[in-house]
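Source file work34.cif; content: mmCIF, N, CA and C atoms.
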data_work
#
loop_
_atom_site.label_atom_id
_atom_site.label_comp_id
_atom_site.auth_asym_id
_atom_site.auth_seq_id
_atom_site.Cartn_x
_atom_site.Cartn_y
_atom_site.Cartn_z
N MET B 27 40.40 97.15 112.50
CA MET B 27 41.75 96.81 112.88
C MET B 27 42.54 98.06 113.24
N ILE B 28 42.37 99.10 112.44
CA ILE B 28 43.06 100.36 112.71
C ILE B 28 42.60 100.94 114.04
N ARG B 29 41.31 100.84 114.31
CA ARG B 29 40.78 101.36 115.57
C ARG B 29 41.41 100.64 116.75
N ARG B 30 41.55 99.33 116.66
CA ARG B 30 42.16 98.57 117.75
C ARG B 30 43.62 98.96 117.95
N LEU B 31 44.36 99.16 116.85
CA LEU B 31 45.76 99.58 116.96
C LEU B 31 45.88 100.97 117.58
N ILE B 32 44.99 101.87 117.23
CA ILE B 32 45.00 103.22 117.81
C ILE B 32 44.71 103.15 119.30
N ILE B 33 43.75 102.35 119.69
CA ILE B 33 43.43 102.20 121.12
C ILE B 33 44.63 101.64 121.88
N GLU B 34 45.31 100.63 121.31
CA GLU B 34 46.48 100.05 121.97
C GLU B 34 47.60 101.07 122.09
N ALA B 35 47.81 101.89 121.05
CA ALA B 35 48.86 102.92 121.10
C ALA B 35 48.55 103.96 122.17
N ILE B 36 47.29 104.35 122.28
CA ILE B 36 46.91 105.33 123.31
C ILE B 36 47.09 104.74 124.70
N LEU B 37 46.70 103.48 124.88
CA LEU B 37 46.88 102.84 126.19
C LEU B 37 48.36 102.71 126.54
N PHE B 38 49.20 102.41 125.55
CA PHE B 38 50.64 102.33 125.83
C PHE B 38 51.22 103.70 126.16
N ALA B 39 50.75 104.75 125.49
CA ALA B 39 51.29 106.09 125.70
C ALA B 39 50.74 106.77 126.94
N PHE B 40 49.66 106.27 127.51
CA PHE B 40 49.02 106.95 128.64
C PHE B 40 49.95 107.17 129.83
N PRO B 41 50.76 106.20 130.29
CA PRO B 41 51.66 106.49 131.42
C PRO B 41 52.68 107.57 131.10
N PHE B 42 53.19 107.62 129.85
CA PHE B 42 54.13 108.65 129.46
C PHE B 42 53.47 110.03 129.47
N ILE B 43 52.25 110.08 128.94
CA ILE B 43 51.52 111.35 128.91
C ILE B 43 51.25 111.84 130.34
N ALA B 44 50.84 110.94 131.20
CA ALA B 44 50.56 111.32 132.59
C ALA B 44 51.84 111.78 133.30
N TYR B 45 52.95 111.07 133.10
CA TYR B 45 54.19 111.42 133.79
C TYR B 45 54.72 112.76 133.30
N PHE B 46 54.83 112.93 131.99
CA PHE B 46 55.37 114.18 131.47
C PHE B 46 54.41 115.34 131.68
N GLY B 47 53.11 115.05 131.71
CA GLY B 47 52.14 116.09 132.05
C GLY B 47 52.29 116.55 133.49
N SER B 48 52.54 115.60 134.41
CA SER B 48 52.74 115.99 135.81
C SER B 48 54.04 116.76 135.99
N ARG B 49 55.07 116.43 135.21
CA ARG B 49 56.34 117.18 135.26
C ARG B 49 56.13 118.60 134.75
N ALA B 50 55.38 118.74 133.68
CA ALA B 50 55.12 120.07 133.13
C ALA B 50 54.28 120.90 134.11
N LEU B 51 53.33 120.27 134.76
CA LEU B 51 52.50 120.97 135.74
C LEU B 51 53.34 121.38 136.95
N ALA B 52 54.25 120.51 137.39
CA ALA B 52 55.11 120.85 138.52
C ALA B 52 56.03 122.01 138.17
N ARG B 53 56.57 122.05 136.97
CA ARG B 53 57.42 123.18 136.55
C ARG B 53 56.63 124.47 136.48
N ARG B 54 55.38 124.34 136.05
CA ARG B 54 54.55 125.56 135.92
C ARG B 54 54.17 126.10 137.30
N LEU B 55 53.84 125.19 138.24
CA LEU B 55 53.42 125.64 139.57
C LEU B 55 54.60 126.12 140.41
N LYS B 56 55.76 125.46 140.27
CA LYS B 56 56.95 125.85 141.04
C LYS B 56 58.11 126.01 140.06
N PRO B 57 58.28 127.22 139.50
CA PRO B 57 59.26 127.41 138.43
C PRO B 57 60.72 127.15 138.83
N GLY B 58 61.12 127.36 140.05
CA GLY B 58 62.51 127.22 140.42
C GLY B 58 62.90 125.86 140.95
N VAL B 59 61.97 124.90 141.00
CA VAL B 59 62.23 123.59 141.60
C VAL B 59 62.99 122.71 140.61
N GLU B 60 64.01 122.03 141.14
CA GLU B 60 64.78 121.08 140.33
C GLU B 60 64.08 119.72 140.35
N LEU B 61 63.65 119.24 139.21
CA LEU B 61 62.97 117.94 139.12
C LEU B 61 63.98 116.84 138.86
N PRO B 62 63.76 115.63 139.41
CA PRO B 62 64.71 114.53 139.17
C PRO B 62 64.70 114.11 137.70
N ASP B 63 65.81 113.51 137.29
CA ASP B 63 65.96 113.05 135.91
C ASP B 63 64.94 111.94 135.63
N TYR B 64 64.32 111.99 134.47
CA TYR B 64 63.30 111.00 134.14
C TYR B 64 63.88 109.73 133.54
N GLY B 65 65.17 109.67 133.34
CA GLY B 65 65.80 108.48 132.76
C GLY B 65 65.63 107.23 133.61
N ARG B 66 65.60 107.40 134.94
CA ARG B 66 65.41 106.25 135.82
C ARG B 66 63.98 105.75 135.78
N ARG B 67 63.05 106.60 135.43
CA ARG B 67 61.64 106.23 135.43
C ARG B 67 61.20 105.59 134.12
N MET B 68 62.00 105.70 133.08
CA MET B 68 61.60 105.22 131.75
C MET B 68 61.27 103.72 131.72
N PRO B 69 62.08 102.82 132.29
CA PRO B 69 61.70 101.39 132.25
C PRO B 69 60.38 101.12 132.96
N LEU B 70 60.12 101.83 134.03
CA LEU B 70 58.85 101.65 134.73
C LEU B 70 57.67 102.14 133.89
N LEU B 71 57.88 103.26 133.18
CA LEU B 71 56.82 103.77 132.31
C LEU B 71 56.55 102.80 131.15
N VAL B 72 57.60 102.22 130.61
CA VAL B 72 57.43 101.25 129.52
C VAL B 72 56.68 100.02 130.05
N LEU B 73 57.03 99.58 131.25
CA LEU B 73 56.34 98.44 131.85
C LEU B 73 54.85 98.74 132.06
N TYR B 74 54.55 99.91 132.63
CA TYR B 74 53.15 100.28 132.84
C TYR B 74 52.39 100.39 131.52
N GLY B 75 53.02 100.98 130.53
CA GLY B 75 52.38 101.10 129.22
C GLY B 75 52.10 99.75 128.59
N THR B 76 53.06 98.84 128.71
CA THR B 76 52.87 97.50 128.15
C THR B 76 51.75 96.76 128.87
N VAL B 77 51.72 96.88 130.20
CA VAL B 77 50.65 96.23 130.96
C VAL B 77 49.29 96.80 130.57
N LEU B 78 49.19 98.12 130.42
CA LEU B 78 47.92 98.72 130.00
C LEU B 78 47.51 98.28 128.60
N ALA B 79 48.47 98.23 127.68
CA ALA B 79 48.14 97.83 126.30
C ALA B 79 47.67 96.38 126.25
N ILE B 80 48.37 95.49 126.93
CA ILE B 80 47.96 94.08 126.94
C ILE B 80 46.63 93.92 127.66
N GLY B 81 46.45 94.62 128.77
CA GLY B 81 45.17 94.56 129.49
C GLY B 81 44.02 95.08 128.65
N GLY B 82 44.25 96.16 127.93
CA GLY B 82 43.21 96.69 127.04
C GLY B 82 42.88 95.74 125.91
N PHE B 83 43.92 95.10 125.36
CA PHE B 83 43.69 94.12 124.30
C PHE B 83 42.86 92.95 124.81
N LEU B 84 43.21 92.43 125.98
CA LEU B 84 42.46 91.31 126.55
C LEU B 84 41.04 91.71 126.92
N LEU B 85 40.86 92.92 127.42
CA LEU B 85 39.53 93.38 127.79
C LEU B 85 38.63 93.54 126.56
N THR B 86 39.15 94.14 125.50
CA THR B 86 38.33 94.28 124.28
C THR B 86 38.04 92.92 123.67
N TRP B 87 39.00 91.99 123.74
CA TRP B 87 38.76 90.64 123.23
C TRP B 87 37.67 89.94 124.04
N ALA B 88 37.69 90.12 125.36
CA ALA B 88 36.71 89.44 126.21
C ALA B 88 35.32 90.04 126.08
N LEU B 89 35.22 91.32 125.75
CA LEU B 89 33.91 91.98 125.73
C LEU B 89 33.30 92.11 124.34
N GLU B 90 34.04 91.76 123.29
CA GLU B 90 33.45 91.91 121.96
C GLU B 90 32.39 90.84 121.74
N PRO B 91 31.37 91.16 120.93
CA PRO B 91 30.27 90.21 120.75
C PRO B 91 30.72 88.97 119.97
N ARG B 92 30.16 87.87 120.36
CA ARG B 92 30.44 86.60 119.68
C ARG B 92 29.23 86.24 118.82
N HIS B 93 29.49 85.70 117.66
CA HIS B 93 28.41 85.31 116.75
C HIS B 93 28.37 83.78 116.69
N VAL B 94 27.96 83.19 117.80
CA VAL B 94 27.90 81.74 117.90
C VAL B 94 26.64 81.25 117.19
N ASP B 95 26.75 80.16 116.47
CA ASP B 95 25.64 79.56 115.73
C ASP B 95 25.02 80.53 114.73
N GLN B 96 25.83 81.39 114.15
CA GLN B 96 25.34 82.29 113.12
C GLN B 96 26.24 82.16 111.90
N THR B 97 25.68 82.43 110.75
CA THR B 97 26.39 82.32 109.50
C THR B 97 26.70 83.71 108.97
N TYR B 98 27.96 83.93 108.53
CA TYR B 98 28.34 85.22 107.97
C TYR B 98 28.08 85.23 106.47
N THR B 99 27.36 86.23 106.02
CA THR B 99 27.11 86.44 104.60
C THR B 99 28.01 87.59 104.17
N PRO B 100 28.97 87.37 103.28
CA PRO B 100 29.91 88.43 102.91
C PRO B 100 29.25 89.54 102.10
N ALA B 101 29.91 90.69 102.04
CA ALA B 101 29.41 91.81 101.25
C ALA B 101 29.45 91.43 99.78
N ARG B 102 28.49 91.97 99.02
CA ARG B 102 28.44 91.65 97.59
C ARG B 102 27.83 92.81 96.83
N VAL B 103 28.02 92.79 95.52
CA VAL B 103 27.45 93.80 94.64
C VAL B 103 26.28 93.16 93.91
N ASP B 104 25.09 93.78 94.02
CA ASP B 104 23.89 93.25 93.36
C ASP B 104 23.95 93.54 91.87
N GLU B 105 22.95 93.02 91.13
CA GLU B 105 22.90 93.23 89.68
C GLU B 105 22.74 94.69 89.31
N ASP B 106 22.05 95.46 90.16
CA ASP B 106 21.83 96.87 89.85
C ASP B 106 22.96 97.76 90.34
N GLY B 107 24.06 97.18 90.84
CA GLY B 107 25.23 97.96 91.22
C GLY B 107 25.27 98.40 92.67
N GLU B 108 24.28 98.03 93.45
CA GLU B 108 24.27 98.43 94.86
C GLU B 108 25.08 97.43 95.68
N VAL B 109 25.79 97.97 96.68
CA VAL B 109 26.61 97.13 97.55
C VAL B 109 25.76 96.72 98.75
N THR B 110 25.69 95.43 98.99
CA THR B 110 24.98 94.89 100.15
C THR B 110 26.03 94.56 101.20
N ARG B 111 25.86 95.09 102.40
CA ARG B 111 26.82 94.88 103.47
C ARG B 111 26.82 93.43 103.93
N GLY B 112 27.95 93.00 104.44
CA GLY B 112 28.04 91.68 105.04
C GLY B 112 27.32 91.68 106.38
N SER B 113 26.78 90.54 106.74
CA SER B 113 26.03 90.48 108.00
C SER B 113 26.02 89.05 108.52
N PHE B 114 25.64 88.93 109.78
CA PHE B 114 25.47 87.63 110.40
C PHE B 114 23.98 87.29 110.40
N SER B 115 23.66 86.05 110.08
CA SER B 115 22.27 85.64 110.06
C SER B 115 22.12 84.35 110.85
N ALA B 116 20.90 84.11 111.27
CA ALA B 116 20.60 82.89 112.02
C ALA B 116 20.80 81.69 111.12
N PRO B 117 21.19 80.57 111.68
CA PRO B 117 21.40 79.38 110.85
C PRO B 117 20.09 78.88 110.27
N ASP B 118 20.20 78.07 109.23
CA ASP B 118 19.00 77.48 108.62
C ASP B 118 18.28 76.65 109.67
N SER B 119 16.96 76.58 109.52
CA SER B 119 16.16 75.86 110.51
C SER B 119 16.00 74.38 110.14
N ALA B 120 16.87 73.87 109.27
CA ALA B 120 16.80 72.45 108.91
C ALA B 120 17.18 71.60 110.11
N PRO B 121 16.47 70.52 110.32
CA PRO B 121 16.81 69.67 111.46
C PRO B 121 18.19 69.04 111.26
N LYS B 122 19.01 69.11 112.28
CA LYS B 122 20.37 68.59 112.17
C LYS B 122 20.42 67.10 112.47
N ASP B 123 19.35 66.52 113.00
CA ASP B 123 19.34 65.10 113.34
C ASP B 123 19.04 64.23 112.13
N GLU B 124 18.59 64.83 111.04
CA GLU B 124 18.25 64.07 109.85
C GLU B 124 19.52 63.52 109.20
N VAL B 125 19.53 62.22 108.96
CA VAL B 125 20.70 61.57 108.38
C VAL B 125 20.56 61.58 106.87
N VAL B 126 21.62 61.97 106.19
CA VAL B 126 21.64 61.97 104.74
C VAL B 126 22.39 60.72 104.30
N LEU B 127 21.70 59.89 103.51
CA LEU B 127 22.28 58.62 103.07
C LEU B 127 22.74 58.71 101.63
N THR B 128 23.80 58.00 101.34
CA THR B 128 24.27 57.90 99.96
C THR B 128 23.38 56.89 99.23
N PRO B 129 23.41 56.87 97.90
CA PRO B 129 22.59 55.90 97.16
C PRO B 129 22.89 54.45 97.53
N MET B 130 24.14 54.14 97.81
CA MET B 130 24.48 52.76 98.20
C MET B 130 23.89 52.43 99.56
N GLN B 131 23.91 53.39 100.47
CA GLN B 131 23.34 53.16 101.80
C GLN B 131 21.83 52.99 101.71
N LYS B 132 21.20 53.78 100.83
CA LYS B 132 19.75 53.65 100.64
C LYS B 132 19.40 52.27 100.09
N ALA B 133 20.18 51.79 99.12
CA ALA B 133 19.92 50.47 98.53
C ALA B 133 20.10 49.37 99.58
N ALA B 134 21.14 49.50 100.41
CA ALA B 134 21.36 48.50 101.47
C ALA B 134 20.24 48.53 102.48
N GLN B 135 19.76 49.72 102.78
CA GLN B 135 18.67 49.84 103.75
C GLN B 135 17.40 49.22 103.17
N GLU B 136 17.14 49.42 101.88
CA GLU B 136 15.97 48.83 101.24
C GLU B 136 16.07 47.30 101.20
N ARG B 137 17.27 46.77 100.92
CA ARG B 137 17.47 45.32 100.92
C ARG B 137 17.20 44.74 102.30
N ASP B 138 17.70 45.41 103.34
CA ASP B 138 17.48 44.93 104.71
C ASP B 138 16.00 44.96 105.06
N ALA B 139 15.29 46.01 104.63
CA ALA B 139 13.87 46.10 104.91
C ALA B 139 13.10 45.02 104.16
N ALA B 140 13.50 44.76 102.92
CA ALA B 140 12.84 43.72 102.14
C ALA B 140 13.11 42.35 102.74
N ALA B 141 14.31 42.12 103.23
CA ALA B 141 14.66 40.84 103.85
C ALA B 141 13.91 40.67 105.16
N ALA B 142 13.67 41.71 105.87
CA ALA B 142 12.93 41.62 107.14
C ALA B 142 11.46 41.36 106.89
N ASP B 143 10.94 41.84 105.74
CA ASP B 143 9.53 41.66 105.44
C ASP B 143 9.23 40.22 104.98
N ARG B 144 10.22 39.56 104.38
CA ARG B 144 10.00 38.19 103.92
C ARG B 144 9.86 37.26 105.12
N SER B 145 8.93 36.40 105.00
CA SER B 145 8.74 35.44 106.10
C SER B 145 9.71 34.29 105.92
N PRO B 146 10.21 33.76 106.98
CA PRO B 146 11.14 32.64 106.85
C PRO B 146 10.42 31.40 106.33
N GLU B 147 11.08 30.66 105.48
CA GLU B 147 10.47 29.44 104.92
C GLU B 147 10.62 28.29 105.90
N PRO B 148 9.54 27.50 106.09
CA PRO B 148 9.62 26.37 107.04
C PRO B 148 10.27 25.16 106.48
#
Will you turn the file into structure tokens for me?
Amino acid sequence: MIRRLIIEAILFAFPFIAYFGSRALARRLKPGVELPDYGRRMPLLVLYGTVLAIGGFLLTWALEPRHVDQTYTPARVDEDGEVTRGSFSAPDSAPKDEVVLTPMQKAAQERDAAAADRSPEP
């Protein structure tokens, strides 16, 4: 989370760094030149920084790996005191089509099967 916040802050600050860096370079290359006031440029720099930060957030969200159909096992401490890292694992290989019946459903199913097995009386 901290890494993502740092990346967003850098992306937001990038237009300011570029603008003030170019002003410093212009002063260094031409010492006597009068540069325009940067107050008029500030809303535009804020807009560019915001667009970069939101774009970076959306790009990292779109490119991060997805763990679809995987189960997360949280970190834990074993009996011997070692920490086991959390990880994603493949789901159990149990068939998902198998229907689990309650005891009442099983009894009803057995009654229906027994009734079907009985021959009708003439």
Problem set entry | Gap from CA of Leu37 (chain B) to atom C of Val59 (chain B) - Å, one decimal |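 One can read the CA of Leu37 (chain B) to atom C of Val59 (chain B) distance as 29.4 Å.
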For this session: Mind checking which residues fall within 7 Å of Gly75 (chain B), counting only N, CA and C atoms, ignoring those fewer than 2 positions away in the same chain, and posting them as a list in words?
Result: Leu37, Phe38, Ala39, Phe40, Pro41, Phe42, Leu70, Leu71, Val72, Leu73, Val77, Leu78, Ala79 and Ile80 of chain B
For this session: Could you give me, as a PyMOL selection string, each residue of chain B that DSSP assigns to alpha helix (DSSP H) when run on this structure's backbone?
Result: chain B and resi 28-55+68-89+129-143
Which centre and edge lengths in Å to one decimal define the box along x, y and z that fits every listed atom of region 35-45 of chain B plus 5 Å per side, as lines of an AutoDock Vina configuration file?
center_x = 50.7
center_y = 107.3
center_z = 127.4
size_x = 18.0
size_y = 20.9
size_z = 22.7
Render region 47-73 of chain B from the structure in the preceding block as a file of N, CA, C and O atoms, as a tab-separated table (two decimals), in the first residue's frame.
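Saved the output as decode-v6.tsv:
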chain	number	residue	atom	x	y	z
B	47	GLY	N	12.21	22.28	-13.07
B	47	GLY	CA	13.53	21.90	-13.59
B	47	GLY	C	13.85	22.64	-14.88
B	47	GLY	O	14.98	23.09	-15.09
B	48	SER	N	12.85	22.80	-15.76
B	48	SER	CA	13.09	23.53	-17.00
B	48	SER	C	13.32	25.01	-16.72
B	48	SER	O	14.14	25.66	-17.39
B	49	ARG	N	12.66	25.57	-15.71
B	49	ARG	CA	12.90	26.97	-15.32
B	49	ARG	C	14.31	27.14	-14.78
B	49	ARG	O	14.99	28.11	-15.11
B	50	ALA	N	14.75	26.20	-13.96
B	50	ALA	CA	16.11	26.28	-13.41
B	50	ALA	C	17.14	26.14	-14.52
B	50	ALA	O	18.16	26.84	-14.52
B	51	LEU	N	16.89	25.27	-15.47
B	51	LEU	CA	17.81	25.09	-16.59
B	51	LEU	C	17.85	26.33	-17.46
B	51	LEU	O	18.92	26.75	-17.90
B	52	ALA	N	16.69	26.96	-17.68
B	52	ALA	CA	16.66	28.20	-18.48
B	52	ALA	C	17.41	29.32	-17.78
B	52	ALA	O	18.13	30.09	-18.42
B	53	ARG	N	17.29	29.44	-16.47
B	53	ARG	CA	18.04	30.46	-15.73
B	53	ARG	C	19.54	30.20	-15.79
B	53	ARG	O	20.33	31.13	-15.85
B	54	ARG	N	19.89	28.92	-15.76
B	54	ARG	CA	21.32	28.59	-15.78
B	54	ARG	C	21.92	28.86	-17.16
B	54	ARG	O	23.05	29.34	-17.25
B	55	LEU	N	21.17	28.54	-18.22
B	55	LEU	CA	21.70	28.73	-19.57
B	55	LEU	C	21.69	30.20	-19.99
B	55	LEU	O	22.60	30.64	-20.69
B	56	LYS	N	20.65	30.94	-19.57
B	56	LYS	CA	20.56	32.36	-19.92
B	56	LYS	C	20.32	33.15	-18.64
B	56	LYS	O	19.18	33.42	-18.25
B	57	PRO	N	21.39	33.56	-17.95
B	57	PRO	CA	21.25	34.17	-16.63
B	57	PRO	C	20.46	35.49	-16.60
B	57	PRO	O	19.79	35.79	-15.64
B	58	GLY	N	20.47	36.29	-17.63
B	58	GLY	CA	19.82	37.58	-17.58
B	58	GLY	C	18.40	37.60	-18.09
B	58	GLY	O	17.74	38.64	-18.10
B	59	VAL	N	17.84	36.45	-18.49
B	59	VAL	CA	16.51	36.40	-19.09
B	59	VAL	C	15.44	36.45	-18.00
B	59	VAL	O	15.54	35.80	-16.97
B	60	GLU	N	14.42	37.26	-18.25
B	60	GLU	CA	13.28	37.36	-17.34
B	60	GLU	C	12.27	36.27	-17.68
B	60	GLU	O	11.72	36.24	-18.78
B	61	LEU	N	12.01	35.37	-16.76
B	61	LEU	CA	11.06	34.27	-16.98
B	61	LEU	C	9.67	34.69	-16.53
B	61	LEU	O	9.53	35.43	-15.56
B	62	PRO	N	8.62	34.23	-17.21
B	62	PRO	CA	7.25	34.60	-16.80
B	62	PRO	C	6.91	34.00	-15.44
B	62	PRO	O	7.48	33.00	-15.01
B	63	ASP	N	5.95	34.64	-14.76
B	63	ASP	CA	5.52	34.18	-13.45
B	63	ASP	C	4.87	32.81	-13.57
B	63	ASP	O	4.10	32.55	-14.48
B	64	TYR	N	5.18	31.93	-12.65
B	64	TYR	CA	4.64	30.57	-12.72
B	64	TYR	C	3.27	30.44	-12.08
B	64	TYR	O	2.67	29.38	-12.09
B	65	GLY	N	2.74	31.50	-11.52
B	65	GLY	CA	1.43	31.46	-10.87
B	65	GLY	C	0.30	31.12	-11.83
B	65	GLY	O	-0.68	30.48	-11.47
B	66	ARG	N	0.43	31.56	-13.10
B	66	ARG	CA	-0.60	31.25	-14.08
B	66	ARG	C	-0.55	29.79	-14.52
B	66	ARG	O	-1.52	29.22	-14.99
B	67	ARG	N	0.60	29.17	-14.39
B	67	ARG	CA	0.77	27.79	-14.83
B	67	ARG	C	0.37	26.77	-13.76
B	67	ARG	O	0.23	25.59	-14.05
B	68	MET	N	0.21	27.20	-12.53
B	68	MET	CA	-0.04	26.27	-11.43
B	68	MET	C	-1.31	25.44	-11.61
B	68	MET	O	-1.27	24.22	-11.40
B	69	PRO	N	-2.46	26.01	-12.00
B	69	PRO	CA	-3.65	25.15	-12.19
B	69	PRO	C	-3.45	24.10	-13.28
B	69	PRO	O	-3.91	22.96	-13.14
B	70	LEU	N	-2.73	24.44	-14.31
B	70	LEU	CA	-2.45	23.48	-15.37
B	70	LEU	C	-1.53	22.36	-14.87
B	70	LEU	O	-1.75	21.18	-15.19
B	71	LEU	N	-0.55	22.72	-14.05
B	71	LEU	CA	0.34	21.70	-13.48
B	71	LEU	C	-0.42	20.77	-12.54
B	71	LEU	O	-0.19	19.55	-12.53
B	72	VAL	N	-1.33	21.33	-11.76
B	72	VAL	CA	-2.14	20.49	-10.86
B	72	VAL	C	-3.02	19.55	-11.68
B	72	VAL	O	-3.16	18.37	-11.35
B	73	LEU	N	-3.59	20.07	-12.76
B	73	LEU	CA	-4.43	19.23	-13.63
B	73	LEU	C	-3.61	18.10	-14.24
B	73	LEU	O	-4.02	16.94	-14.23
